[in-house]
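To be precise, the following lines are input-v5.txt, and they hold compact mmCIF, C-alpha atoms and all ligand atoms.
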# COMPACT_ATOMS: atom_id res chain seq x y z
CA MET A 1 47.80 120.32 242.11
CA SER A 2 45.54 117.28 242.56
CA VAL A 3 46.40 113.78 241.34
CA VAL A 4 44.01 114.05 238.41
CA GLU A 5 45.26 117.50 237.42
CA ARG A 6 48.83 116.21 237.50
CA GLU A 7 47.85 113.23 235.37
CA LEU A 8 46.19 115.56 232.91
CA SER A 9 49.09 117.97 232.71
CA ASP A 10 51.33 114.98 231.90
CA LEU A 11 49.23 114.49 228.82
CA GLN A 12 50.43 117.60 227.06
CA GLY A 13 52.32 116.68 223.94
CA THR A 14 51.48 112.98 224.06
CA GLY A 15 49.73 112.98 220.72
CA GLU A 16 46.20 112.32 221.98
CA PRO A 17 43.59 113.51 219.49
CA ALA A 18 43.34 117.30 219.47
CA SER A 19 40.23 119.36 218.89
CA GLY A 20 40.00 121.28 215.63
CA GLU A 21 37.74 124.02 214.42
CA ALA A 22 34.25 123.32 213.14
CA VAL A 23 34.28 122.46 209.46
CA PRO A 24 31.35 123.25 207.21
CA SER A 25 29.36 120.41 205.67
CA ASN A 26 30.36 119.08 202.30
CA ALA A 27 27.23 118.13 200.44
CA ALA A 28 29.27 116.18 197.87
CA GLN A 29 30.66 113.74 200.43
CA LYS A 30 29.42 110.19 200.82
CA PRO A 31 26.89 109.85 203.65
CA PHE A 32 28.19 108.40 206.87
CA ILE A 33 24.95 106.47 207.32
CA SER A 34 22.40 105.70 204.61
CA VAL A 35 18.98 104.56 205.73
CA SER A 36 17.02 102.94 202.94
CA GLU A 37 13.29 102.25 203.15
CA ILE A 38 13.33 101.08 206.76
CA GLU A 39 10.14 100.13 208.47
CA VAL A 40 9.71 99.08 212.12
CA VAL A 41 6.77 97.03 213.33
CA TYR A 42 7.02 95.98 216.98
CA GLY A 43 5.97 92.53 218.17
CA ASN A 44 2.60 93.82 219.38
CA GLY A 45 1.80 95.07 215.89
CA THR A 46 2.58 98.78 216.49
CA VAL A 47 3.92 100.34 213.30
CA ALA A 48 6.51 102.73 214.77
CA LEU A 49 8.23 103.70 211.50
CA LYS A 50 6.62 103.70 208.08
CA PRO A 51 9.07 103.17 205.20
CA LEU A 52 11.57 106.01 205.30
CA SER A 53 14.95 106.80 203.80
CA LEU A 54 17.54 109.38 204.75
CA ASP A 55 21.26 110.09 204.61
CA LEU A 56 23.34 111.34 207.52
CA PHE A 57 26.53 113.26 206.77
CA ASP A 58 29.60 114.22 208.79
CA ASP A 59 29.93 117.54 210.56
CA ALA A 60 26.27 117.96 211.34
CA VAL A 61 24.22 117.91 214.50
CA THR A 62 20.95 116.36 213.39
CA VAL A 63 17.95 116.57 215.70
CA LEU A 64 15.06 114.12 215.38
CA LEU A 65 12.14 116.29 216.48
CA GLY A 66 8.59 115.27 217.18
CA PRO A 67 5.96 114.67 219.83
CA SER A 68 5.98 111.66 222.10
CA GLY A 69 5.29 108.48 220.14
CA ALA A 70 6.35 109.95 216.77
CA GLY A 71 9.08 107.34 216.30
CA LYS A 72 12.20 109.37 217.22
CA SER A 73 13.66 106.81 219.58
CA THR A 74 12.84 103.94 217.23
CA LEU A 75 14.60 105.70 214.34
CA LEU A 76 17.61 106.61 216.47
CA ARG A 77 17.97 103.05 217.75
CA SER A 78 17.55 101.64 214.27
CA LEU A 79 20.75 103.45 213.29
CA ASN A 80 22.81 100.90 215.21
CA HIS A 81 20.22 98.11 215.21
CA LEU A 82 19.36 98.38 218.90
CA VAL A 83 15.99 98.17 217.19
CA VAL A 84 16.28 95.91 214.16
CA PRO A 85 14.17 97.24 211.27
CA SER A 86 11.46 94.88 210.04
CA ARG A 87 12.31 95.91 206.47
CA GLY A 88 14.92 98.02 204.69
CA THR A 89 18.63 98.56 205.34
CA VAL A 90 21.06 100.75 207.26
CA SER A 91 24.47 101.15 205.60
CA VAL A 92 27.54 102.64 207.24
CA ARG A 93 30.44 104.17 205.32
CA GLY A 94 33.44 101.84 205.41
CA LEU A 95 31.43 98.93 206.79
CA GLY A 96 28.56 98.37 204.40
CA THR A 97 25.05 97.19 205.22
CA LEU A 98 24.42 96.27 208.85
CA GLY A 99 23.59 92.62 208.93
CA ASN A 100 26.22 90.18 210.12
CA ALA A 101 27.50 90.20 213.69
CA GLN A 102 30.97 91.40 212.76
CA THR A 103 29.78 94.53 210.93
CA LEU A 104 27.34 95.32 213.69
CA ARG A 105 29.99 94.93 216.38
CA ALA A 106 32.37 97.23 214.51
CA HIS A 107 29.64 99.84 214.03
CA ARG A 108 28.55 99.74 217.66
CA ARG A 109 32.14 100.04 218.83
CA GLY A 110 32.36 103.23 216.79
CA THR A 111 29.07 104.59 218.13
CA GLY A 112 28.93 106.76 221.25
CA MET A 113 25.50 106.29 222.82
CA ILE A 114 24.00 108.80 225.25
CA PHE A 115 20.79 107.83 227.03
CA GLN A 116 18.10 109.77 228.83
CA GLN A 117 18.81 108.06 232.15
CA HIS A 118 22.62 108.26 231.78
CA GLN A 119 23.05 104.47 232.32
CA LEU A 120 25.89 105.16 234.74
CA ILE A 121 26.70 102.94 237.70
CA GLY A 122 25.94 105.17 240.69
CA ARG A 123 28.28 103.56 243.20
CA LEU A 124 31.27 103.97 240.86
CA THR A 125 33.20 107.20 240.29
CA ALA A 126 32.91 109.25 237.13
CA LEU A 127 36.35 108.04 236.09
CA GLN A 128 35.46 104.37 236.67
CA ASN A 129 32.28 104.73 234.64
CA ILE A 130 34.27 106.02 231.70
CA LEU A 131 36.86 103.29 232.01
CA ILE A 132 34.12 100.65 232.05
CA GLY A 133 32.81 102.16 228.83
CA ARG A 134 36.26 101.64 227.30
CA LEU A 135 36.32 97.92 228.14
CA GLY A 136 34.35 97.12 225.02
CA HIS A 137 37.50 97.95 223.07
CA TYR A 138 39.38 95.08 224.66
CA GLY A 139 38.97 91.33 224.74
CA THR A 140 37.27 89.66 227.70
CA TRP A 141 40.59 88.71 229.28
CA ARG A 142 41.49 92.41 229.61
CA THR A 143 38.69 92.98 232.11
CA MET A 144 40.62 90.90 234.66
CA LEU A 145 43.56 93.32 234.64
CA PRO A 146 43.92 96.94 235.78
CA MET A 147 43.31 99.47 233.00
CA PRO A 148 46.46 100.87 231.38
CA GLU A 149 47.62 104.34 232.49
CA GLY A 150 47.02 105.72 229.01
CA GLU A 151 43.36 104.78 229.29
CA LYS A 152 43.04 106.62 232.60
CA ARG A 153 44.64 109.72 231.16
CA TRP A 154 42.35 109.66 228.15
CA ALA A 155 39.31 109.25 230.43
CA LEU A 156 40.47 112.22 232.50
CA GLU A 157 40.93 114.31 229.40
CA CYS A 158 37.36 113.49 228.34
CA LEU A 159 36.08 114.49 231.77
CA ASP A 160 38.03 117.73 231.48
CA ARG A 161 36.32 118.51 228.17
CA VAL A 162 32.93 118.39 229.87
CA GLY A 163 34.20 120.52 232.78
CA LEU A 164 34.21 117.72 235.33
CA LEU A 165 37.86 116.94 235.92
CA GLU A 166 37.53 117.82 239.59
CA LYS A 167 34.67 115.29 239.92
CA ALA A 168 36.66 112.39 238.46
CA LEU A 169 36.88 110.61 241.81
CA THR A 170 33.31 111.44 242.92
CA ARG A 171 30.69 108.68 242.92
CA CYS A 172 28.18 109.26 240.16
CA ASP A 173 25.23 109.05 242.56
CA ALA A 174 26.60 112.14 244.31
CA LEU A 175 26.50 114.20 241.10
CA SER A 176 23.58 116.34 239.90
CA GLY A 177 21.48 115.16 236.94
CA GLY A 178 23.25 117.59 234.61
CA GLN A 179 26.68 116.51 235.83
CA GLN A 180 25.72 112.86 235.35
CA GLN A 181 24.73 113.55 231.78
CA ARG A 182 28.03 115.36 231.23
CA VAL A 183 29.75 112.18 232.43
CA GLY A 184 27.54 110.38 229.91
CA ILE A 185 28.93 112.65 227.17
CA ALA A 186 32.50 112.09 228.39
CA ARG A 187 31.91 108.32 228.34
CA ALA A 188 30.57 108.53 224.79
CA ILE A 189 33.47 110.61 223.45
CA ALA A 190 35.97 108.40 225.28
CA GLN A 191 35.03 105.72 222.73
CA ARG A 192 36.60 107.93 220.04
CA PRO A 193 33.30 107.41 218.23
CA ARG A 194 32.67 107.86 214.51
CA ILE A 195 29.11 108.95 215.36
CA VAL A 196 27.21 109.97 218.50
CA LEU A 197 23.59 108.91 219.04
CA ALA A 198 21.77 110.64 221.91
CA ASP A 199 18.28 109.50 222.87
CA GLU A 200 16.38 112.32 224.64
CA PRO A 201 19.54 113.27 226.54
CA VAL A 202 17.95 116.19 228.44
CA ALA A 203 14.46 114.85 229.08
CA SER A 204 15.00 114.74 232.84
CA LEU A 205 17.04 117.93 233.23
CA ASP A 206 16.08 121.50 234.10
CA PRO A 207 16.43 124.16 231.37
CA ALA A 208 19.82 125.49 232.49
CA ALA A 209 21.35 122.01 232.70
CA SER A 210 19.71 121.04 229.40
CA ARG A 211 21.29 123.98 227.61
CA ARG A 212 24.70 123.25 229.06
CA VAL A 213 24.52 119.55 228.12
CA LEU A 214 23.30 120.21 224.57
CA GLY A 215 25.81 123.03 224.06
CA LEU A 216 28.68 120.80 225.16
CA LEU A 217 27.53 117.95 222.98
CA ARG A 218 27.19 120.19 219.94
CA ASP A 219 30.54 121.92 220.48
CA ILE A 220 32.50 118.70 221.03
CA CYS A 221 30.94 116.97 218.03
CA ARG A 222 31.61 119.98 215.81
CA GLN A 223 35.19 120.35 216.99
CA ASP A 224 35.93 116.66 216.50
CA ARG A 225 33.88 116.44 213.28
CA ILE A 226 31.72 113.67 214.70
CA PRO A 227 28.20 113.51 213.28
CA ALA A 228 25.62 113.58 216.10
CA VAL A 229 22.01 112.49 215.99
CA ILE A 230 19.91 113.65 218.94
CA SER A 231 16.26 112.87 219.57
CA LEU A 232 14.40 115.73 221.27
CA HIS A 233 10.81 116.71 221.80
CA GLN A 234 11.58 120.32 222.75
CA LEU A 235 11.29 122.65 219.77
CA GLU A 236 13.28 125.43 221.40
CA TYR A 237 16.36 123.25 221.92
CA ALA A 238 16.14 121.86 218.40
CA ARG A 239 16.10 125.40 217.03
CA THR A 240 19.09 126.42 219.09
CA PHE A 241 21.37 123.42 218.78
CA ALA A 242 20.61 121.65 215.48
CA ASP A 243 22.27 122.12 212.11
CA ARG A 244 19.58 119.95 210.58
CA ILE A 245 16.16 118.99 211.88
CA ILE A 246 14.28 115.88 210.84
CA GLY A 247 10.66 116.27 211.90
CA LEU A 248 8.71 113.10 212.61
CA ALA A 249 5.01 112.53 213.03
CA GLU A 250 3.31 109.16 213.34
CA GLY A 251 6.35 107.27 212.10
CA ARG A 252 6.96 109.40 209.01
CA VAL A 253 9.47 112.12 208.14
CA VAL A 254 7.37 115.24 207.62
CA PHE A 255 10.21 117.78 207.53
CA ASP A 256 13.93 117.74 206.78
CA GLY A 257 15.83 121.00 206.77
CA PRO A 258 17.65 123.69 208.77
CA PRO A 259 16.11 125.29 211.88
CA ALA A 260 15.42 128.50 209.94
CA ALA A 261 12.98 126.61 207.71
CA LEU A 262 10.74 125.59 210.63
CA THR A 263 7.69 127.62 209.70
CA LYS A 264 4.32 127.46 211.42
CA GLY A 265 3.06 125.19 208.64
CA VAL A 266 5.93 122.78 209.28
CA LEU A 267 5.26 122.80 213.01
CA ASP A 268 1.62 122.01 212.36
CA ARG A 269 2.76 119.00 210.37
CA ILE A 270 5.04 117.81 213.16
CA TYR A 271 2.92 118.58 216.21
CA GLY A 272 -0.55 118.97 214.76
CA PRO A 273 -2.26 122.38 214.56
CA VAL A 274 -1.05 123.91 217.83
CA SER A 275 0.22 127.23 216.59
CA GLU A 276 1.11 128.66 220.00
CA ILE A 277 4.29 126.55 220.23
CA ALA A 278 5.62 128.37 217.18
CA ASP A 279 5.86 131.63 219.12
P1 LIG B 301 9.25 108.69 220.43
O1 LIG B 301 10.68 108.43 220.69
O2 LIG B 301 9.03 109.71 219.37
O3 LIG B 301 8.47 109.03 221.68
P2 LIG B 301 9.04 105.85 220.00
O4 LIG B 301 9.98 105.52 218.91
O5 LIG B 301 9.47 105.58 221.41
O6 LIG B 301 8.58 107.37 219.84
O7 LIG B 301 7.66 105.07 219.78
C1 LIG B 301 6.99 105.05 218.52
C2 LIG B 301 5.77 104.15 218.67
O8 LIG B 301 6.19 102.82 218.93
C3 LIG B 301 4.86 104.53 219.83
O9 LIG B 301 3.53 104.26 219.46
C4 LIG B 301 5.31 103.62 220.95
O10 LIG B 301 4.25 103.37 221.85
C5 LIG B 301 5.66 102.36 220.16
N1 LIG B 301 6.73 101.56 220.80
C6 LIG B 301 7.95 101.98 221.17
N2 LIG B 301 8.68 100.97 221.68
C7 LIG B 301 7.87 99.87 221.61
C8 LIG B 301 8.04 98.50 221.99
N3 LIG B 301 9.19 98.07 222.51
N4 LIG B 301 7.01 97.66 221.78
C9 LIG B 301 5.85 98.09 221.24
N5 LIG B 301 5.62 99.37 220.86
C10 LIG B 301 6.62 100.25 221.05

Will you turn the file into structure tokens for me?
Ligand code: ADP
Amino acid sequence: MSVVERELSDLQGTGEPASGEAVPSNAAQKPFISVSEIEVVYGNGTVALKPLSLDLFDDAVTVLLGPSGAGKSTLLRSLNHLVVPSRGTVSVRGLGTLGNAQTLRAHRRGTGMIFQQHQLIGRLTALQNILIGRLGHYGTWRTMLPMPEGEKRWALECLDRVGLLEKALTRCDALSGGQQQRVGIARAIAQRPRIVLADEPVASLDPAASRRVLGLLRDICRQDRIPAVISLHQLEYARTFADRIIGLAEGRVVFDGPPAALTKGVLDRIYGPVSEIAD
């Protein structure tokens, strides 16, 4: 048994959060995030989002779908003010409207971000990358000290959930693109997030790795009842992995519904009249 496996087996019965079964959505619940009439105009005058409102609930994998330039990334990043809307508000359950630094910090601490380019440090191991992600939960002074054992065990458990326990001590630049993105997922869930935001997480992966990454992300978020918002431009993946699809075109929401409601007419609205992608 390796060191990491031994560490992980020690975890049994320690009361770390356990995975539950997927729970169906409850339409009567209060939204986790409420977006009200937000608009984004970049400094160069580009209107990336025209006024739009939407509610995001727990227990759902929501895909923001649309062609390049539709505003998916801008909307996703507006949800935790990585892009600050020019107008309108984003409100988070339990925190209120994002505005002051304290509310924003609390919201970001509870947000697991997953990026297209992983944003991992290549010369560090998978385990170290996850531990660095956890540092945001401590004060600055904590960064001078070794991480507590409990943190290491939790990081290893997260790596195990994405099937990469045996790569814990491997440098990230020696991992494949798909494995790196799985470390990205492990780093995000290690935050014990209240929501996961993933910005084109499979844009640079081959189809097999893309399916594995999206399947893992969906399954973990469903099991842990974490709402996930994922921006994607690939229709096929949205159909397979989303509970809800929000279709964007030219900065507007042109569709909001389940994958089964994506008719040819809807696709024409999202992508323009290019019927062949519907088949
Ligand atoms: P998507 O994620 O759907 O590809 P984006 O949200 O990245 O779309 O972009 C929406 C629009 O905003 C595009 O026209 C894009 O060129 C523009 N845009 C994105 N980021 C910036 C920026 N930082 N400055 C100026 N324009 C931007």

Counting all atoms listed in the file, figure out which residue out of A:Glu236, A:Asp219, A:Glu151, A:Asp55 gets nearest to Asp256 (chain A). A:Asp55

Can you tell me which residues sit at most 9 Å away from ligand LIG 301 (chain B), counting all atoms listed in the file, written as a ChimeraX atom specification? /A:40-49,64-77,83,199-200,231-233,248-251

What separates CA of Gln128 (chain A) and CA of Gln181 (chain A) is a distance of 14.9 Å

Of the listed residues A:Ile195, A:Ile230, A:Ala168, A:Leu205, that which approaches Arg244 (chain A) most closely, counting all atoms listed in the file: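 Going through A:Ile195, A:Ile230, A:Ala168, A:Leu205 one by one, the smallest distance to Arg244 (chain A) is for A:Ile230.
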
Could you work out how far CA of Leu54 (chain A) lies from CA of Arg212 (chain A), giving the answer in Å with one decimal?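 Rounded to one decimal, the two atoms are 28.9 Å apart.
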
When distances are computed from all atoms listed in the file, which of A:Gly247, A:Gly163, A:Pro258, A:Pro193 shows the smallest separation from Cys221 (chain A)?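 Selected residue with least distance to Cys221 (chain A): A:Pro193.
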
So, with all atoms listed in the file as the atoms that count, which of A:Gly184, A:Pro85, A:Gly272, A:Gly99 lies closest to Leu120 (chain A)? A:Gly184

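Of the listed residues A:Leu235, A:Val61, A:Ala242, A:Leu165, the one whose atoms come nearest to Arg222 (chain A) is A:Val61, with distances taken using all atoms listed in the file.
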
So the first atom is CA of Thr240 (chain A) and the second is CA of Leu214 (chain A); what is the distance between them in Å, to one decimal place?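 Straight-line distance from CA of Thr240 (chain A) to CA of Leu214 (chain A) works out to 9.3 Å.
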
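In terms of minimum interatomic distance to Asp224 (chain A), A:Ile189 ranks closest within A:Lys167, A:Arg93, A:Ile189, A:Arg134, counting all atoms listed in the file.
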
Would you pick out the contacts of Ile121 (chain A) at 9 Å or less, using only C-alpha atoms, so that residues sharing its chain but fewer than 5 positions from it are not included, and give the list as a ChimeraX atom specification? /A:126,128-129,171-173
